[in-house]
Structure formats: structure tokens, C-alpha cells
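Engineer: Right, I'll just put the structure down here and ask away after.
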Amino acid sequence: MGGFTKFVMYIILLITFLGLINMIFNLHRFAFYGEFLILLVLLLVAMISALGINNDSRWAWILLTLFFGFVFLDMLLIKAISTEKVYLFLPFIIVTIVGFFISLFSIKKEKVEAVEEVEKEFSPGKYIASKSGTKYHAPKCDWAKKIKKANAVWFDSKEEAKKAGYKKDDCVK
Ligand SMILES: [Zn+2]
């Protein structure tokens, strides 16, 4: 995940909380207490998510999508019970919607990237070597067949294999 997306997400989270705080301090007693508790829980969820996206964890984007979905509904509720003018809340609600879609988009993007990585790992090249070995082989060589999938390193050319520090086996012409 790009560093820029993370940066934007941290800004959006900050604005979302400023918005929520601004909104709930216009509420009266019981509504205020209830929303204040919700705010604390949301703050915890946001902090866990922020740590997660910093480590490129896919679950963090899923959590953030749920987070923004919930915040959006919560903001609509506050808007409904608040006496404050509605247009003051609008920018924060829009930022929350933007946060929701960035999170949702990031979940899908991470999935695609993961699939591409797996494909790259198992697409064979012309020559194969073992991570623990010293020689590279043609894939049909008996030694090549003994190399475990997890230890296999593939090369597209002899030069590539040589550069990686492997010598050619007799099976390679
Ligand atoms: Zn060989």
C-alpha cells in the first residue's frame, strides 16, 4: 500500500474525530454521555486500524471500512438529534464518506496485489536452483525435481543465475 494513501488516511481520521467531537459537544446530557462513550470506543478502533495499515495489514482496511460506515450512521444520528445547523456538519460527513471509499478501495487493491505476488512466485523461468544449493538446473533435470517449491528460485537466463551466484549443472547446455 502506498505511503501516500496511508498519509491521506491519517489526515481523514484526524478530521473525522475533530468532526465527531465538534458534533457531540452540541448534544444535551444523555445523548452527550452516550456519544462520548461511543467516541472513546471509536478512538480505540481507529488507533488499532492506524497501526494495522502502517504494517500493511489487510484486516486494518476492513476494520476502517466498518469504522467509517459506523461513523457515517452515527453522524446521521447526531445530526437528527442535534439542534445545531446541519450545514456545519456536512464537511465532516463528506470526509467520512471519502474515508469509507478509500478504505473499501484499499481492501480490493491489497487482494489484487497479493494474487499477483503468488503468481509471480510460482511462474517458472527457464532455470531453477535451490536456495540452499550452489548449482542451477534445467527444470527436467532429476536434481531440479528434488527441489522443494518453497526453496525454488527461478531464473529466465543463465546470466541471471550466474549473477545470483549459482554455477551451472551438467544438465544445462
Ligand atoms: Zn541438473
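By convention here, the chains of the C-alpha cells are called A, B, ... in the order presented, each chain's residues are numbered starting at 1, and ligands are numbered starting at 1 in the order presented.
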Produce as a PyMOL selection string the set of residues near ligand 1, where near means within 7 Å with only C-alpha atoms and all ligand atoms considered.

Structural biologist: chain A and resi 136-138+141-144+169-172

Engineer: Mind checking which residues fall within 12 Å of Lys146 (chain A), counting only C-alpha atoms, ignoring those fewer than 4 positions away in the same chain, and posting them as a VMD selection string?

Structural biologist: chain A and resid 128 to 130 133 137 139 to 142 150 to 152

Engineer: Would you save the residues from that selection as a PDB file, in the first residue's frame, using all heavy atoms?

Structural biologist:
ATOM      1  N   ILE A 128      16.225 -23.432 -12.833  1.00  0.00           N
ATOM      2  CA  ILE A 128      15.816 -23.490 -11.428  1.00  0.00           C
ATOM      3  C   ILE A 128      17.014 -23.819 -10.544  1.00  0.00           C
ATOM      4  O   ILE A 128      17.915 -24.576 -10.940  1.00  0.00           O
ATOM      5  CB  ILE A 128      14.686 -24.541 -11.235  1.00  0.00           C
ATOM      6  CG1 ILE A 128      14.229 -24.585  -9.772  1.00  0.00           C
ATOM      7  CG2 ILE A 128      15.128 -25.934 -11.709  1.00  0.00           C
ATOM      8  CD1 ILE A 128      12.995 -25.455  -9.527  1.00  0.00           C
ATOM      9  N   ALA A 129      17.036 -23.225  -9.348  1.00  0.00           N
ATOM     10  CA  ALA A 129      18.062 -23.539  -8.351  1.00  0.00           C
ATOM     11  C   ALA A 129      17.400 -23.643  -6.992  1.00  0.00           C
ATOM     12  O   ALA A 129      16.260 -23.220  -6.825  1.00  0.00           O
ATOM     13  CB  ALA A 129      19.131 -22.455  -8.335  1.00  0.00           C
ATOM     14  N   SER A 130      18.119 -24.245  -6.056  1.00  0.00           N
ATOM     15  CA  SER A 130      17.613 -24.304  -4.690  1.00  0.00           C
ATOM     16  C   SER A 130      18.272 -23.196  -3.890  1.00  0.00           C
ATOM     17  O   SER A 130      19.442 -22.882  -4.105  1.00  0.00           O
ATOM     18  CB  SER A 130      17.936 -25.652  -4.066  1.00  0.00           C
ATOM     19  OG  SER A 130      17.715 -25.586  -2.673  1.00  0.00           O
ATOM     20  N   GLY A 133      21.235 -24.545  -2.422  1.00  0.00           N
ATOM     21  CA  GLY A 133      22.202 -25.189  -3.310  1.00  0.00           C
ATOM     22  C   GLY A 133      23.206 -24.224  -3.920  1.00  0.00           C
ATOM     23  O   GLY A 133      23.174 -23.024  -3.652  1.00  0.00           O
ATOM     24  N   HIS A 137      19.815 -25.591 -12.530  1.00  0.00           N
ATOM     25  CA  HIS A 137      19.481 -26.747 -13.366  1.00  0.00           C
ATOM     26  C   HIS A 137      18.423 -26.396 -14.409  1.00  0.00           C
ATOM     27  O   HIS A 137      17.691 -25.420 -14.259  1.00  0.00           O
ATOM     28  CB  HIS A 137      18.902 -27.882 -12.501  1.00  0.00           C
ATOM     29  CG  HIS A 137      19.748 -28.270 -11.358  1.00  0.00           C
ATOM     30  ND1 HIS A 137      20.670 -29.285 -11.417  1.00  0.00           N
ATOM     31  CD2 HIS A 137      19.824 -27.767 -10.102  1.00  0.00           C
ATOM     32  CE1 HIS A 137      21.278 -29.405 -10.245  1.00  0.00           C
ATOM     33  NE2 HIS A 137      20.784 -28.496  -9.435  1.00  0.00           N
ATOM     34  N   PRO A 139      14.799 -27.404 -15.754  1.00  0.00           N
ATOM     35  CA  PRO A 139      13.678 -27.927 -14.948  1.00  0.00           C
ATOM     36  C   PRO A 139      13.476 -29.433 -15.057  1.00  0.00           C
ATOM     37  O   PRO A 139      12.962 -30.052 -14.128  1.00  0.00           O
ATOM     38  CB  PRO A 139      12.471 -27.173 -15.504  1.00  0.00           C
ATOM     39  CG  PRO A 139      13.031 -25.925 -16.078  1.00  0.00           C
ATOM     40  CD  PRO A 139      14.389 -26.280 -16.610  1.00  0.00           C
ATOM     41  N   LYS A 140      13.894 -30.067 -16.195  1.00  0.00           N
ATOM     42  CA  LYS A 140      13.646 -31.510 -16.308  1.00  0.00           C
ATOM     43  C   LYS A 140      14.728 -32.352 -15.650  1.00  0.00           C
ATOM     44  O   LYS A 140      14.608 -33.568 -15.573  1.00  0.00           O
ATOM     45  CB  LYS A 140      13.474 -31.964 -17.764  1.00  0.00           C
ATOM     46  CG  LYS A 140      13.844 -30.989 -18.815  1.00  0.00           C
ATOM     47  CD  LYS A 140      13.788 -31.623 -20.166  1.00  0.00           C
ATOM     48  CE  LYS A 140      14.869 -31.059 -21.075  1.00  0.00           C
ATOM     49  NZ  LYS A 140      14.805 -31.435 -22.441  1.00  0.00           N
ATOM     50  N   CYS A 141      15.788 -31.728 -15.183  1.00  0.00           N
ATOM     51  CA  CYS A 141      16.868 -32.454 -14.512  1.00  0.00           C
ATOM     52  C   CYS A 141      16.353 -33.137 -13.236  1.00  0.00           C
ATOM     53  O   CYS A 141      15.480 -32.618 -12.548  1.00  0.00           O
ATOM     54  CB  CYS A 141      17.980 -31.475 -14.158  1.00  0.00           C
ATOM     55  SG  CYS A 141      19.197 -32.150 -13.032  1.00  0.00           S
ATOM     56  N   ASP A 142      16.881 -34.318 -12.946  1.00  0.00           N
ATOM     57  CA  ASP A 142      16.437 -35.069 -11.754  1.00  0.00           C
ATOM     58  C   ASP A 142      16.704 -34.285 -10.463  1.00  0.00           C
ATOM     59  O   ASP A 142      15.929 -34.355  -9.517  1.00  0.00           O
ATOM     60  CB  ASP A 142      17.153 -36.424 -11.684  1.00  0.00           C
ATOM     61  CG  ASP A 142      16.568 -37.388 -12.717  1.00  0.00           C
ATOM     62  OD1 ASP A 142      15.413 -37.144 -13.133  1.00  0.00           O
ATOM     63  OD2 ASP A 142      17.257 -38.354 -13.097  1.00  0.00           O
ATOM     64  N   ALA A 150       9.168 -24.454  -1.892  1.00  0.00           N
ATOM     65  CA  ALA A 150       9.492 -23.323  -1.010  1.00  0.00           C
ATOM     66  C   ALA A 150      10.937 -22.866  -1.171  1.00  0.00           C
ATOM     67  O   ALA A 150      11.260 -21.717  -0.893  1.00  0.00           O
ATOM     68  CB  ALA A 150       9.223 -23.708   0.434  1.00  0.00           C
ATOM     69  N   ASN A 151      11.822 -23.800  -1.623  1.00  0.00           N
ATOM     70  CA  ASN A 151      13.235 -23.454  -1.769  1.00  0.00           C
ATOM     71  C   ASN A 151      13.614 -23.069  -3.190  1.00  0.00           C
ATOM     72  O   ASN A 151      14.758 -22.698  -3.453  1.00  0.00           O
ATOM     73  CB  ASN A 151      14.112 -24.643  -1.354  1.00  0.00           C
ATOM     74  CG  ASN A 151      14.062 -24.866   0.141  1.00  0.00           C
ATOM     75  OD1 ASN A 151      13.922 -23.920   0.905  1.00  0.00           O
ATOM     76  ND2 ASN A 151      14.135 -26.112   0.565  1.00  0.00           N
ATOM     77  N   ALA A 152      12.662 -23.197  -4.117  1.00  0.00           N
ATOM     78  CA  ALA A 152      12.992 -22.992  -5.529  1.00  0.00           C
ATOM     79  C   ALA A 152      13.210 -21.523  -5.865  1.00  0.00           C
ATOM     80  O   ALA A 152      12.487 -20.658  -5.392  1.00  0.00           O
ATOM     81  CB  ALA A 152      11.877 -23.555  -6.400  1.00  0.00           C
TER      82      ALA A 152
END

Engineer: Report, in Å with one decimal, the straight-line distance from CA of Val95 (chain A) to CA of Ser57 (chain A).

Structural biologist: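 CA of Ser57 (chain A) lies 22.7 Å from CA of Val95 (chain A).
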
Engineer: With a cut-off of 8 Å, could you pull out the residues of region 31-133 of chain A touching region 7-15 of chain A and give me the nearest pair of atoms for each, distance in Å to one decimal, using only C-alpha atoms, ordered by chain and ascending number, as JSON lines?

Structural biologist:
{"residue": "A:Ala46", "atom": "CA", "partner": "A:Leu13", "partner_atom": "CA", "distance": 7.4}
{"residue": "A:Ala50", "atom": "CA", "partner": "A:Tyr10", "partner_atom": "CA", "distance": 7.3}
{"residue": "A:Phe92", "atom": "CA", "partner": "A:Ile15", "partner_atom": "CA", "distance": 7.0}
{"residue": "A:Val95", "atom": "CA", "partner": "A:Ile12", "partner_atom": "CA", "distance": 6.5}
{"residue": "A:Thr96", "atom": "CA", "partner": "A:Ile12", "partner_atom": "CA", "distance": 7.4}
{"residue": "A:Gly99", "atom": "CA", "partner": "A:Ile12", "partner_atom": "CA", "distance": 6.3}
{"residue": "A:Ile102", "atom": "CA", "partner": "A:Met9", "partner_atom": "CA", "distance": 7.9}

Engineer: Using only C-alpha atoms, which of A:Leu64, A:Ile81, A:Leu51, A:Leu43 sits nearest Leu27 (chain A)?

Structural biologist: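 Using only C-alpha atoms, Leu27 (chain A) sits closest to A:Ile81.
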
Engineer: Show me, as a PDB file with C-alpha atoms, in the first residue's frame, the residues that have an atom within 9 Å of Lys168 (chain A) when counting only C-alpha atoms, minus same-chain residues fewer than 5 positions from it.

Structural biologist:
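And here's part_24.pdb as it stands now:
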ATOM      1  CA  THR A 134      25.136 -23.935  -5.398  1.00  0.00           C
ATOM      2  CA  LYS A 135      24.100 -25.046  -8.907  1.00  0.00           C
ATOM      3  CA  TYR A 136      21.269 -24.161 -11.270  1.00  0.00           C
ATOM      4  CA  HIS A 137      19.481 -26.747 -13.366  1.00  0.00           C
ATOM      5  CA  LYS A 158      21.945 -18.222 -17.459  1.00  0.00           C
ATOM      6  CA  ALA A 161      21.518 -17.386 -12.425  1.00  0.00           C
ATOM      7  CA  LYS A 162      25.223 -16.621 -12.599  1.00  0.00           C
ATOM      8  CA  LYS A 173      23.753 -26.935 -22.129  1.00  0.00           C
TER       9      LYS A 173
END

Engineer: Might you pull out every residue within 8 Å of Met75 (chain A), with only C-alpha atoms counted and same-chain residues fewer than 3 positions away left off, and present them as a PyMOL selection string?

Structural biologist: chain A and resi 20+23+71-72+78-79+93

Engineer: Expressed in Å to a single decimal, how great is the separation between CA of Ser157 (chain A) and CA of Lys126 (chain A)?

Structural biologist: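 Answer for the CA of Ser157 (chain A) to CA of Lys126 (chain A) separation: 6.5 Å.
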